[in-house]
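Here's entry.cif, which has mmCIF, C-alpha atoms and all ligand atoms:
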```
data_data
#
loop_
_atom_site.group_PDB
_atom_site.id
_atom_site.type_symbol
_atom_site.label_atom_id
_atom_site.label_comp_id
_atom_site.auth_asym_id
_atom_site.auth_seq_id
_atom_site.Cartn_x
_atom_site.Cartn_y
_atom_site.Cartn_z
ATOM 1 C CA MET A 21 0.873 -15.506 -29.485
ATOM 2 C CA VAL A 22 0.532 -18.053 -26.726
ATOM 3 C CA ALA A 23 0.745 -15.716 -23.719
ATOM 4 C CA GLU A 24 -2.155 -16.254 -21.340
ATOM 5 C CA THR A 25 -1.616 -13.237 -19.124
ATOM 6 C CA TYR A 26 -1.479 -9.532 -19.869
ATOM 7 C CA LEU A 27 -1.153 -6.583 -17.559
ATOM 8 C CA ARG A 28 -2.353 -3.194 -18.702
ATOM 9 C CA THR A 29 -1.393 0.148 -17.210
ATOM 10 C CA SER A 30 -5.116 0.899 -16.835
ATOM 11 C CA GLN A 31 -5.306 -1.937 -14.279
ATOM 12 C CA LEU A 32 -2.776 -0.312 -11.950
ATOM 13 C CA ILE A 33 -3.367 1.966 -8.973
ATOM 14 C CA HIS A 34 -0.632 4.445 -8.001
ATOM 15 C CA PRO A 35 -0.319 5.166 -4.246
ATOM 16 C CA LEU A 36 0.211 8.780 -3.145
ATOM 17 C CA PHE A 37 1.776 9.645 0.228
ATOM 18 C CA ILE A 38 0.706 13.152 1.197
ATOM 19 C CA GLN A 39 2.121 15.596 3.725
ATOM 20 C CA GLU A 40 1.561 19.242 4.670
ATOM 21 C CA GLY A 41 3.687 21.925 3.064
ATOM 22 C CA ASN A 42 4.718 23.288 -0.284
ATOM 23 C CA LYS A 43 7.262 21.973 -2.807
ATOM 24 C CA ILE A 44 8.160 19.083 -0.504
ATOM 25 C CA LYS A 45 9.389 15.853 -2.057
ATOM 26 C CA LYS A 46 10.776 13.545 0.611
ATOM 27 C CA GLU A 47 12.233 10.202 -0.373
ATOM 28 C CA ILE A 48 11.180 7.325 1.934
ATOM 29 C CA SER A 49 14.461 5.782 3.104
ATOM 30 C CA SER A 50 13.117 2.228 3.046
ATOM 31 C CA MET A 51 11.382 2.810 -0.323
ATOM 32 C CA PRO A 52 14.069 4.117 -2.709
ATOM 33 C CA ASP A 53 12.728 6.319 -5.547
ATOM 34 C CA PHE A 54 9.351 6.677 -3.822
ATOM 35 C CA PHE A 55 8.388 9.991 -2.244
ATOM 36 C CA ARG A 56 6.077 11.675 0.235
ATOM 37 C CA LEU A 57 4.731 14.812 -1.419
ATOM 38 C CA SER A 58 3.139 18.104 -0.449
ATOM 39 C CA PRO A 59 -0.255 18.793 -2.113
ATOM 40 C CA ASP A 60 1.175 20.951 -4.958
ATOM 41 C CA LEU A 61 3.546 18.132 -5.973
ATOM 42 C CA VAL A 62 0.808 15.502 -5.604
ATOM 43 C CA LEU A 63 -1.076 17.335 -8.360
ATOM 44 C CA LYS A 64 2.103 17.426 -10.468
ATOM 45 C CA ASP A 65 2.635 13.694 -9.908
ATOM 46 C CA ILE A 66 -0.928 12.985 -11.038
ATOM 47 C CA GLU A 67 -0.301 15.010 -14.188
ATOM 48 C CA ASP A 68 2.807 12.886 -14.904
ATOM 49 C CA CYS A 69 0.841 9.687 -14.250
ATOM 50 C CA LEU A 70 -1.938 10.730 -16.625
ATOM 51 C CA GLN A 71 0.685 11.229 -19.346
ATOM 52 C CA LEU A 72 1.776 7.655 -18.725
ATOM 53 C CA GLY A 73 -1.782 6.300 -18.848
ATOM 54 C CA ILE A 74 -2.260 5.803 -15.083
ATOM 55 C CA ARG A 75 -5.563 7.223 -13.872
ATOM 56 C CA ASN A 76 -6.273 5.477 -10.578
ATOM 57 C CA PHE A 77 -4.839 6.754 -7.300
ATOM 58 C CA ILE A 78 -4.982 5.672 -3.670
ATOM 59 C CA LEU A 79 -4.203 8.324 -1.051
ATOM 60 C CA PHE A 80 -2.457 8.036 2.332
ATOM 61 C CA PRO A 81 -1.676 10.970 4.658
ATOM 62 C CA GLN A 82 1.244 11.590 6.980
ATOM 63 C CA ILE A 83 -0.077 13.407 10.031
ATOM 64 C CA GLU A 84 2.050 15.303 12.551
ATOM 65 C CA ASP A 85 2.168 13.575 15.945
ATOM 66 C CA LYS A 86 0.764 16.597 17.748
ATOM 67 C CA LEU A 87 -2.451 16.380 15.703
ATOM 68 C CA LYS A 88 -3.115 12.743 16.597
ATOM 69 C CA ASP A 89 -5.447 11.621 19.387
ATOM 70 C CA LYS A 90 -6.978 8.409 20.715
ATOM 71 C CA SER A 91 -10.137 8.730 18.636
ATOM 72 C CA ALA A 92 -8.452 9.891 15.391
ATOM 73 C CA SER A 93 -10.748 12.903 15.429
ATOM 74 C CA LEU A 94 -8.758 14.777 12.769
ATOM 75 C CA SER A 95 -9.727 12.107 10.243
ATOM 76 C CA TYR A 96 -13.219 13.542 9.773
ATOM 77 C CA LYS A 97 -12.568 17.227 10.570
ATOM 78 C CA LYS A 98 -13.658 19.475 7.720
ATOM 79 C CA ASN A 99 -10.813 20.726 5.533
ATOM 80 C CA ASN A 100 -8.108 18.501 6.939
ATOM 81 C CA LEU A 101 -5.083 17.831 4.707
ATOM 82 C CA TYR A 102 -6.547 14.610 3.310
ATOM 83 C CA LEU A 103 -10.037 15.929 2.542
ATOM 84 C CA LYS A 104 -8.623 19.087 0.923
ATOM 85 C CA MET A 105 -6.372 16.904 -1.219
ATOM 86 C CA ILE A 106 -9.329 14.834 -2.458
ATOM 87 C CA GLN A 107 -11.180 18.040 -3.372
ATOM 88 C CA ALA A 108 -8.165 19.500 -5.178
ATOM 89 C CA ILE A 109 -7.583 16.318 -7.188
ATOM 90 C CA LYS A 110 -11.209 16.032 -8.298
ATOM 91 C CA LYS A 111 -11.321 19.751 -9.159
ATOM 92 C CA ASN A 112 -8.133 19.657 -11.254
ATOM 93 C CA PHE A 113 -8.567 16.184 -12.754
ATOM 94 C CA PRO A 114 -12.238 15.163 -12.716
ATOM 95 C CA GLU A 115 -11.373 12.150 -14.899
ATOM 96 C CA VAL A 116 -9.189 10.384 -12.318
ATOM 97 C CA THR A 117 -10.391 7.741 -9.887
ATOM 98 C CA VAL A 118 -9.692 8.727 -6.290
ATOM 99 C CA ILE A 119 -9.536 5.831 -3.852
ATOM 100 C CA THR A 120 -9.258 6.610 -0.143
ATOM 101 C CA ASP A 121 -8.038 4.864 2.977
ATOM 102 C CA VAL A 122 -10.552 4.351 5.769
ATOM 103 C CA ALA A 123 -8.695 3.416 8.973
ATOM 104 C CA MET A 124 -7.680 5.219 12.144
ATOM 105 C CA ASP A 125 -3.923 4.540 12.127
ATOM 106 C CA PRO A 126 -2.544 7.673 10.402
ATOM 107 C CA TYR A 127 -4.520 9.868 12.862
ATOM 108 C CA SER A 128 -4.410 7.713 15.990
ATOM 109 C CA SER A 129 -2.019 8.438 18.860
ATOM 110 C CA ASP A 130 -2.005 4.661 19.456
ATOM 111 C CA GLY A 131 -1.033 3.918 15.839
ATOM 112 C CA HIS A 132 -3.792 1.315 15.561
ATOM 113 C CA ASP A 133 -6.538 0.963 12.967
ATOM 114 C CA GLY A 134 -9.192 0.826 15.694
ATOM 115 C CA LEU A 135 -9.956 2.421 19.042
ATOM 116 C CA VAL A 136 -7.664 1.148 21.828
ATOM 117 C CA GLN A 137 -8.772 0.735 25.450
ATOM 118 C CA ASN A 138 -6.641 -1.016 28.069
ATOM 119 C CA GLY A 139 -4.501 -2.547 25.354
ATOM 120 C CA LYS A 140 -7.496 -3.939 23.435
ATOM 121 C CA ILE A 141 -8.945 -2.913 20.085
ATOM 122 C CA LEU A 142 -12.657 -2.147 20.431
ATOM 123 C CA ASN A 143 -14.306 -3.365 17.240
ATOM 124 C CA ASP A 144 -17.850 -2.025 17.551
ATOM 125 C CA GLU A 145 -16.798 1.292 19.106
ATOM 126 C CA THR A 146 -14.508 1.859 16.093
ATOM 127 C CA LEU A 147 -17.329 1.631 13.543
ATOM 128 C CA PRO A 148 -18.891 5.083 14.161
ATOM 129 C CA ILE A 149 -15.450 6.699 13.750
ATOM 130 C CA LEU A 150 -14.916 4.869 10.449
ATOM 131 C CA GLY A 151 -18.422 5.907 9.428
ATOM 132 C CA LYS A 152 -17.687 9.602 10.003
ATOM 133 C CA MET A 153 -14.379 9.320 8.145
ATOM 134 C CA ALA A 154 -16.041 7.559 5.210
ATOM 135 C CA LEU A 155 -18.823 10.139 4.964
ATOM 136 C CA ALA A 156 -16.324 13.036 5.073
ATOM 137 C CA GLN A 157 -14.320 11.415 2.265
ATOM 138 C CA ALA A 158 -17.430 10.889 0.138
ATOM 139 C CA GLU A 159 -18.451 14.519 0.707
ATOM 140 C CA ALA A 160 -14.970 15.609 -0.414
ATOM 141 C CA GLY A 161 -15.527 13.809 -3.739
ATOM 142 C CA ALA A 162 -13.875 10.380 -3.368
ATOM 143 C CA ASP A 163 -14.963 7.797 -5.947
ATOM 144 C CA ILE A 164 -14.068 4.624 -4.038
ATOM 145 C CA LEU A 165 -13.542 4.165 -0.299
ATOM 146 C CA GLY A 166 -10.945 1.668 0.893
ATOM 147 C CA PRO A 167 -11.557 0.404 4.437
ATOM 148 C CA SER A 168 -8.143 -1.005 5.416
ATOM 149 C CA ASP A 169 -8.972 -1.325 9.116
ATOM 150 C CA MET A 170 -10.200 -4.954 9.203
ATOM 151 C CA MET A 171 -12.897 -4.315 11.841
ATOM 152 C CA ASP A 172 -15.812 -6.748 11.577
ATOM 153 C CA GLY A 173 -18.998 -5.323 10.111
ATOM 154 C CA ARG A 174 -17.484 -2.141 8.729
ATOM 155 C CA VAL A 175 -18.452 -2.663 5.095
ATOM 156 C CA ALA A 176 -22.166 -2.875 5.957
ATOM 157 C CA TYR A 177 -21.820 0.041 8.381
ATOM 158 C CA ILE A 178 -20.107 2.297 5.813
ATOM 159 C CA ARG A 179 -22.484 1.236 3.007
ATOM 160 C CA GLY A 180 -25.444 2.145 5.232
ATOM 161 C CA ILE A 181 -24.087 5.608 5.997
ATOM 162 C CA LEU A 182 -23.224 6.291 2.351
ATOM 163 C CA ASP A 183 -26.667 5.255 1.137
ATOM 164 C CA LYS A 184 -28.476 7.233 3.844
ATOM 165 C CA ASN A 185 -26.590 10.340 2.702
ATOM 166 C CA ASN A 186 -27.271 9.829 -1.009
ATOM 167 C CA PHE A 187 -23.767 8.645 -1.874
ATOM 168 C CA THR A 188 -25.133 5.540 -3.568
ATOM 169 C CA ASP A 189 -22.572 5.925 -6.383
ATOM 170 C CA VAL A 190 -19.553 5.850 -4.091
ATOM 171 C CA ALA A 191 -18.051 2.348 -4.183
ATOM 172 C CA ILE A 192 -16.271 0.286 -1.525
ATOM 173 C CA MET A 193 -12.945 -1.440 -2.196
ATOM 174 C CA SER A 194 -12.644 -3.586 0.883
ATOM 175 C CA TYR A 195 -9.344 -4.764 2.313
ATOM 176 C CA THR A 196 -10.789 -8.246 2.689
ATOM 177 C CA ALA A 197 -7.886 -10.611 3.300
ATOM 178 C CA LYS A 198 -5.370 -8.296 4.917
ATOM 179 C CA TYR A 199 -2.730 -10.356 6.670
ATOM 180 C CA ALA A 200 -0.785 -9.316 9.778
ATOM 181 C CA SER A 201 2.369 -8.982 7.695
ATOM 182 C CA SER A 202 5.948 -7.907 8.262
ATOM 183 C CA PHE A 203 5.960 -6.478 4.743
ATOM 184 C CA TYR A 204 4.206 -3.256 5.820
ATOM 185 C CA CYS A 205 7.242 -1.810 7.639
ATOM 186 C CA PRO A 206 8.401 0.653 4.956
ATOM 187 C CA PHE A 207 4.838 2.027 4.676
ATOM 188 C CA ARG A 208 4.738 2.621 8.438
ATOM 189 C CA ASP A 209 8.111 4.429 8.131
ATOM 190 C CA ALA A 210 6.691 6.570 5.359
ATOM 191 C CA LEU A 211 3.672 7.677 7.367
ATOM 192 C CA GLY A 212 4.943 7.359 10.925
ATOM 193 C CA SER A 213 1.951 5.102 11.614
ATOM 194 C CA ALA A 214 3.496 2.110 13.404
ATOM 195 C CA PRO A 215 1.539 0.853 16.445
ATOM 196 C CA LYS A 216 2.814 2.395 19.702
ATOM 197 C CA ALA A 217 2.182 -0.870 21.571
ATOM 198 C CA GLY A 218 1.245 -4.408 20.624
ATOM 199 C CA ASP A 219 0.675 -5.639 17.097
ATOM 200 C CA LYS A 220 -2.235 -5.879 14.669
ATOM 201 C CA LYS A 221 -2.802 -9.615 15.013
ATOM 202 C CA THR A 222 -6.201 -9.331 16.713
ATOM 203 C CA TYR A 223 -7.721 -7.731 13.615
ATOM 204 C CA GLN A 224 -5.424 -8.546 10.681
ATOM 205 C CA MET A 225 -5.248 -12.151 9.479
ATOM 206 C CA ASP A 226 -3.028 -15.062 10.429
ATOM 207 C CA PRO A 227 -0.657 -15.904 7.513
ATOM 208 C CA ARG A 228 -1.400 -19.596 8.128
ATOM 209 C CA ASN A 229 -5.067 -19.270 7.171
ATOM 210 C CA THR A 230 -6.925 -19.727 3.894
ATOM 211 C CA LYS A 231 -10.483 -20.543 4.990
ATOM 212 C CA GLU A 232 -10.535 -17.424 7.098
ATOM 213 C CA ALA A 233 -9.871 -15.393 3.931
ATOM 214 C CA LEU A 234 -12.888 -17.023 2.284
ATOM 215 C CA LEU A 235 -15.012 -16.204 5.332
ATOM 216 C CA GLU A 236 -13.832 -12.570 5.304
ATOM 217 C CA ALA A 237 -14.625 -12.408 1.580
ATOM 218 C CA GLU A 238 -18.095 -13.905 2.108
ATOM 219 C CA LEU A 239 -18.830 -11.288 4.775
ATOM 220 C CA ASP A 240 -17.502 -8.312 2.773
ATOM 221 C CA PHE A 241 -19.309 -9.481 -0.371
ATOM 222 C CA SER A 242 -22.627 -9.910 1.412
ATOM 223 C CA GLU A 243 -22.195 -6.570 3.220
ATOM 224 C CA GLY A 244 -21.939 -4.787 -0.145
ATOM 225 C CA ALA A 245 -18.265 -4.538 -1.083
ATOM 226 C CA ASP A 246 -17.714 -3.704 -4.769
ATOM 227 C CA TYR A 247 -14.088 -4.920 -4.837
ATOM 228 C CA LEU A 248 -12.278 -7.487 -2.670
ATOM 229 C CA MET A 249 -8.623 -6.943 -1.842
ATOM 230 C CA VAL A 250 -5.824 -9.316 -0.894
ATOM 231 C CA LYS A 251 -2.817 -7.817 0.871
ATOM 232 C CA PRO A 252 0.155 -8.358 0.640
ATOM 233 C CA ALA A 253 0.236 -9.873 -2.840
ATOM 234 C CA LEU A 254 3.302 -12.020 -3.441
ATOM 235 C CA CYS A 255 3.156 -14.268 -0.349
ATOM 236 C CA TYR A 256 -0.603 -14.668 -0.881
ATOM 237 C CA LEU A 257 -1.005 -15.589 -4.563
ATOM 238 C CA ASP A 258 -3.014 -18.669 -3.536
ATOM 239 C CA ILE A 259 -5.489 -16.435 -1.697
ATOM 240 C CA ILE A 260 -5.828 -14.165 -4.743
ATOM 241 C CA GLN A 261 -6.581 -17.241 -6.840
ATOM 242 C CA SER A 262 -9.208 -18.625 -4.524
ATOM 243 C CA LEU A 263 -11.031 -15.299 -4.160
ATOM 244 C CA LYS A 264 -10.981 -14.894 -7.951
ATOM 245 C CA GLN A 265 -12.484 -18.377 -8.382
ATOM 246 C CA ASN A 266 -15.159 -17.885 -5.742
ATOM 247 C CA PHE A 267 -16.418 -14.306 -6.099
ATOM 248 C CA PRO A 268 -17.922 -12.502 -9.089
ATOM 249 C CA ILE A 269 -16.500 -9.042 -8.375
ATOM 250 C CA PRO A 270 -13.105 -7.487 -9.186
ATOM 251 C CA ILE A 271 -10.200 -8.793 -7.114
ATOM 252 C CA VAL A 272 -7.540 -6.261 -6.148
ATOM 253 C CA ALA A 273 -4.033 -7.192 -4.988
ATOM 254 C CA TYR A 274 -1.906 -4.792 -2.940
ATOM 255 C CA ASN A 275 1.761 -5.231 -3.890
ATOM 256 C CA VAL A 276 2.892 -3.684 -0.606
ATOM 257 C CA SER A 277 5.800 -1.509 0.467
ATOM 258 C CA GLY A 278 8.023 -4.383 1.673
ATOM 259 C CA GLU A 279 7.598 -6.169 -1.648
ATOM 260 C CA TYR A 280 8.725 -3.005 -3.409
ATOM 261 C CA ALA A 281 11.639 -2.517 -0.980
ATOM 262 C CA MET A 282 12.965 -6.061 -1.496
ATOM 263 C CA ILE A 283 13.316 -5.644 -5.250
ATOM 264 C CA LYS A 284 14.746 -2.129 -4.937
ATOM 265 C CA ALA A 285 17.295 -3.200 -2.329
ATOM 266 C CA ALA A 286 18.488 -6.250 -4.242
ATOM 267 C CA ALA A 287 18.688 -4.267 -7.485
ATOM 268 C CA ARG A 288 20.781 -1.573 -5.778
ATOM 269 C CA GLN A 289 23.237 -4.270 -4.723
ATOM 270 C CA GLY A 290 23.381 -5.504 -8.306
ATOM 271 C CA TRP A 291 21.854 -8.824 -7.206
ATOM 272 C CA LEU A 292 18.658 -8.624 -9.274
ATOM 273 C CA ASP A 293 17.621 -6.970 -12.517
ATOM 274 C CA GLU A 294 15.092 -4.447 -11.215
ATOM 275 C CA THR A 295 12.920 -4.138 -14.308
ATOM 276 C CA LYS A 296 12.750 -7.857 -15.024
ATOM 277 C CA SER A 297 11.959 -8.783 -11.420
ATOM 278 C CA MET A 298 9.316 -6.067 -11.220
ATOM 279 C CA VAL A 299 7.561 -7.199 -14.408
ATOM 280 C CA GLU A 300 7.745 -10.856 -13.380
ATOM 281 C CA SER A 301 6.236 -10.180 -9.944
ATOM 282 C CA LEU A 302 3.450 -8.000 -11.316
ATOM 283 C CA LEU A 303 2.615 -10.588 -13.988
ATOM 284 C CA SER A 304 2.554 -13.368 -11.383
ATOM 285 C CA ILE A 305 0.012 -11.396 -9.354
ATOM 286 C CA LYS A 306 -2.073 -10.977 -12.496
ATOM 287 C CA ARG A 307 -1.714 -14.679 -13.400
ATOM 288 C CA ALA A 308 -2.922 -15.657 -9.919
ATOM 289 C CA GLY A 309 -6.169 -13.824 -10.688
ATOM 290 C CA ALA A 310 -5.888 -10.181 -9.654
ATOM 291 C CA ASP A 311 -7.903 -7.852 -11.890
ATOM 292 C CA ILE A 312 -6.316 -4.729 -10.427
ATOM 293 C CA ILE A 313 -2.942 -4.155 -8.725
ATOM 294 C CA ILE A 314 -1.988 -1.401 -6.281
ATOM 295 C CA THR A 315 1.770 -0.990 -6.693
ATOM 296 C CA TYR A 316 4.587 1.468 -6.010
ATOM 297 C CA PHE A 317 5.966 0.297 -9.376
ATOM 298 C CA ALA A 318 2.988 1.685 -11.339
ATOM 299 C CA LYS A 319 4.965 4.475 -13.023
ATOM 300 C CA ASP A 320 7.979 2.249 -13.715
ATOM 301 C CA PHE A 321 5.717 -0.358 -15.320
ATOM 302 C CA ALA A 322 3.832 2.240 -17.364
ATOM 303 C CA LYS A 323 7.096 3.694 -18.682
ATOM 304 C CA LEU A 324 7.962 0.341 -20.255
ATOM 305 C CA LYS A 325 4.993 0.766 -22.620
ATOM 306 C CA LEU A 326 4.466 -2.979 -22.863
ATOM 307 C CA ASN A 327 0.865 -2.440 -24.023
HETATM 308 C C1 LIG B 401 -3.121 0.591 7.563
HETATM 309 C C2 LIG B 401 -2.473 0.340 6.247
HETATM 310 C C3 LIG B 401 -1.244 -0.323 6.084
HETATM 311 C C4 LIG B 401 -0.969 -0.334 4.717
HETATM 312 C C5 LIG B 401 -2.012 0.311 4.065
HETATM 313 N N1 LIG B 401 -2.951 0.714 5.032
HETATM 314 C C6 LIG B 401 -0.287 -0.876 7.049
HETATM 315 C C7 LIG B 401 -0.718 -1.433 8.315
HETATM 316 O O1 LIG B 401 -1.685 -2.199 8.406
HETATM 317 O O2 LIG B 401 -0.055 -1.087 9.290
HETATM 318 C C8 LIG B 401 0.284 -0.956 4.148
HETATM 319 C C9 LIG B 401 0.629 -0.693 2.745
HETATM 320 C C10 LIG B 401 2.014 -1.070 2.369
HETATM 321 O O3 LIG B 401 2.787 -1.674 3.136
HETATM 322 O O4 LIG B 401 2.367 -0.738 1.231
HETATM 323 N N2 LIG B 401 -4.431 0.970 7.594
#
```
This structure in structure tokens:
Amino acid sequence: MVAETYLRTSQLIHPLFIQEGNKIKKEISSMPDFFRLSPDLVLKDIEDCLQLGIRNFILFPQIEDKLKDKSASLSYKKNNLYLKMIQAIKKNFPEVTVITDVAMDPYSSDGHDGLVQNGKILNDETLPILGKMALAQAEAGADILGPSDMMDGRVAYIRGILDKNNFTDVAIMSYTAKYASSFYCPFRDALGSAPKAGDKKTYQMDPRNTKEALLEAELDFSEGADYLMVKPALCYLDIIQSLKQNFPIPIVAYNVSGEYAMIKAAARQGWLDETKSMVESLLSIKRAGADIIITYFAKDFAKLKLN
């Protein structure tokens, strides 16, 4: 009767890790009970999710090393694995929300989100590549594009390209306050997308900073973002709260791979109750002010039928 916070399954986004092949279900070693799937099993997983009341999905591809290059050119090539997957999902399940990832890292031989030259990330030169990727994803039928690259000016750039090509209804969920975090390691294992050299600190945020998150949010909001995201979630609950208080659009929190791995690992040792710690962390993210949560626990939470 007195509870102030509720989390509904409809507010969750289930991540899908996609790889080439057929009938492939590969457990990620640093993410127990979470799998990389071939397209046929992605469709099956979506069917299971719909049964559980989950209808929002965010897609990430694993790309073979030999297909990667410096300019991530596969990312916008017609009929690549990722674009075909978007088409297949929207054809089979028109009612689901497909959210994409706009960033170079899964396709880049440098493993960075932007174009690398002489060890530096070239911000402005990256934008046209992101633009082509975004347009290809919209053409394939994506509902919401998720620029996770953290280049400056990319929300306005992508919005401009979408509008010019009559994709005015395609929304942008911007990775706004994405911190240079050690909690992304299991995700990079899952996709083989770790940087080949250097780190991501010149474009992702410094964990010591709050005002910078507000500045990033101001920019993304004014450039036309429809959702603002904070990532990771649990170390950054204060940032979630301040974006929620300061901006009138939905705030998304990404409960990242390392946050999932910590609970799974401790539970496997018998040191934590997995279900209770999962529910408590998800509720704390909600209490901080997130409207929507991207989490590898989406199915586990939905199965509890708490609402
Ligand atoms: C990169 C990207 C990352 C994640 C989503 N998109 C990792 C990174 O910046 O290297 C991490 C998600 C997770 O850890 O669950 N564009």
Using only C-alpha atoms, can you tell me which of A:Gln39, A:Thr222, A:Gln261, A:Asn186 comes closest to A:Lys140? A:Thr222
Run through the PyMOL selection byres (((not hetatm)) within 9 of (chain B and resi 401)) on the given coordinates and return the selected residues as a PyMOL selection string. chain A and resi 35+80+121-126+131-133+167-170+195+198-208+213-215+220+224+251-252+274-280+314-316
Could those selected residues go to a file with C-alpha atoms, as a CSV table (one decimal), keeping the file's coordinate frame?
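Heads up, here's the output in out28.csv:
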```
chain,number,residue,atom,x,y,z
A,35,PRO,CA,-0.3,5.2,-4.2
A,80,PHE,CA,-2.5,8.0,2.3
A,121,ASP,CA,-8.0,4.9,3.0
A,122,VAL,CA,-10.6,4.4,5.8
A,123,ALA,CA,-8.7,3.4,9.0
A,124,MET,CA,-7.7,5.2,12.1
A,125,ASP,CA,-3.9,4.5,12.1
A,126,PRO,CA,-2.5,7.7,10.4
A,131,GLY,CA,-1.0,3.9,15.8
A,132,HIS,CA,-3.8,1.3,15.6
A,133,ASP,CA,-6.5,1.0,13.0
A,167,PRO,CA,-11.6,0.4,4.4
A,168,SER,CA,-8.1,-1.0,5.4
A,169,ASP,CA,-9.0,-1.3,9.1
A,170,MET,CA,-10.2,-5.0,9.2
A,195,TYR,CA,-9.3,-4.8,2.3
A,198,LYS,CA,-5.4,-8.3,4.9
A,199,TYR,CA,-2.7,-10.4,6.7
A,200,ALA,CA,-0.8,-9.3,9.8
A,201,SER,CA,2.4,-9.0,7.7
A,202,SER,CA,5.9,-7.9,8.3
A,203,PHE,CA,6.0,-6.5,4.7
A,204,TYR,CA,4.2,-3.3,5.8
A,205,CYS,CA,7.2,-1.8,7.6
A,206,PRO,CA,8.4,0.7,5.0
A,207,PHE,CA,4.8,2.0,4.7
A,208,ARG,CA,4.7,2.6,8.4
A,213,SER,CA,2.0,5.1,11.6
A,214,ALA,CA,3.5,2.1,13.4
A,215,PRO,CA,1.5,0.9,16.4
A,220,LYS,CA,-2.2,-5.9,14.7
A,224,GLN,CA,-5.4,-8.5,10.7
A,251,LYS,CA,-2.8,-7.8,0.9
A,252,PRO,CA,0.2,-8.4,0.6
A,274,TYR,CA,-1.9,-4.8,-2.9
A,275,ASN,CA,1.8,-5.2,-3.9
A,276,VAL,CA,2.9,-3.7,-0.6
A,277,SER,CA,5.8,-1.5,0.5
A,278,GLY,CA,8.0,-4.4,1.7
A,279,GLU,CA,7.6,-6.2,-1.6
A,280,TYR,CA,8.7,-3.0,-3.4
A,314,ILE,CA,-2.0,-1.4,-6.3
A,315,THR,CA,1.8,-1.0,-6.7
A,316,TYR,CA,4.6,1.5,-6.0
```
I'd like the contact shell of A:Leu155 - 12 Å cut-off, only C-alpha atoms, skipping same-chain residues fewer than 2 positions apart - returned as a count of residues only. 35
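Note that atom CA of A:Tyr102 and atom CA of A:Ile312 are 23.7 Å apart.
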How far is it from atom CA of A:Leu79 to atom CA of A:Phe55, in Å with one decimal? 12.8 Å
Applying the PyMOL selection byres (((chain A and resi 308) around 6) and not hetatm) to the file I just gave you, which residues come out? Please list them as a list in words.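 The output of the PyMOL selection byres (((chain A and resi 308) around 6) and not hetatm) on this file is Leu257, Gln261, Ile305, Lys306, Arg307 and Gly309 of chain A.
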Got a sec to resolve the PyMOL selection byres (((chain A and resi 231-239) around 10) and not hetatm) on this structure and send the residues as a ChimeraX atom specification? /A:170,172-173,175-176,194-199,225-230,240-245,247-250,259-260,262-263,266-267
For the residues selected in the previous step, produce a file with C-alpha atoms as a PDB file, in the coordinates of the input.
```pdb
ATOM      1  CA  MET A 170     -10.200  -4.954   9.203  1.00  0.00           C
ATOM      2  CA  ASP A 172     -15.812  -6.748  11.577  1.00  0.00           C
ATOM      3  CA  GLY A 173     -18.998  -5.323  10.111  1.00  0.00           C
ATOM      4  CA  VAL A 175     -18.452  -2.663   5.095  1.00  0.00           C
ATOM      5  CA  ALA A 176     -22.166  -2.875   5.957  1.00  0.00           C
ATOM      6  CA  SER A 194     -12.644  -3.586   0.883  1.00  0.00           C
ATOM      7  CA  TYR A 195      -9.344  -4.764   2.313  1.00  0.00           C
ATOM      8  CA  THR A 196     -10.789  -8.246   2.689  1.00  0.00           C
ATOM      9  CA  ALA A 197      -7.886 -10.611   3.300  1.00  0.00           C
ATOM     10  CA  LYS A 198      -5.370  -8.296   4.917  1.00  0.00           C
ATOM     11  CA  TYR A 199      -2.730 -10.356   6.670  1.00  0.00           C
ATOM     12  CA  MET A 225      -5.248 -12.151   9.479  1.00  0.00           C
ATOM     13  CA  ASP A 226      -3.028 -15.062  10.429  1.00  0.00           C
ATOM     14  CA  PRO A 227      -0.657 -15.904   7.513  1.00  0.00           C
ATOM     15  CA  ARG A 228      -1.400 -19.596   8.128  1.00  0.00           C
ATOM     16  CA  ASN A 229      -5.067 -19.270   7.171  1.00  0.00           C
ATOM     17  CA  THR A 230      -6.925 -19.727   3.894  1.00  0.00           C
ATOM     18  CA  ASP A 240     -17.502  -8.312   2.773  1.00  0.00           C
ATOM     19  CA  PHE A 241     -19.309  -9.481  -0.371  1.00  0.00           C
ATOM     20  CA  SER A 242     -22.627  -9.910   1.412  1.00  0.00           C
ATOM     21  CA  GLU A 243     -22.195  -6.570   3.220  1.00  0.00           C
ATOM     22  CA  GLY A 244     -21.939  -4.787  -0.145  1.00  0.00           C
ATOM     23  CA  ALA A 245     -18.265  -4.538  -1.083  1.00  0.00           C
ATOM     24  CA  TYR A 247     -14.088  -4.920  -4.837  1.00  0.00           C
ATOM     25  CA  LEU A 248     -12.278  -7.487  -2.670  1.00  0.00           C
ATOM     26  CA  MET A 249      -8.623  -6.943  -1.842  1.00  0.00           C
ATOM     27  CA  VAL A 250      -5.824  -9.316  -0.894  1.00  0.00           C
ATOM     28  CA  ILE A 259      -5.489 -16.435  -1.697  1.00  0.00           C
ATOM     29  CA  ILE A 260      -5.828 -14.165  -4.743  1.00  0.00           C
ATOM     30  CA  SER A 262      -9.208 -18.625  -4.524  1.00  0.00           C
ATOM     31  CA  LEU A 263     -11.031 -15.299  -4.160  1.00  0.00           C
ATOM     32  CA  ASN A 266     -15.159 -17.885  -5.742  1.00  0.00           C
ATOM     33  CA  PHE A 267     -16.418 -14.306  -6.099  1.00  0.00           C
TER      34      PHE A 267
END
```
Could you check the closest approach to A:Ile283 for each of A:Ile119, A:Ile269, A:Val22, A:Val299 and tell me which residue wins, using all atoms listed in the file?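 Among the listed residues, A:Val299 lies closest to A:Ile283.
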For A:Tyr127, work out the shell of residues within 10 Å, counting all atoms listed in the file and skipping chain neighbours fewer than 5 positions away, then give it as a ChimeraX atom specification. /A:81-96,132-133,212-213
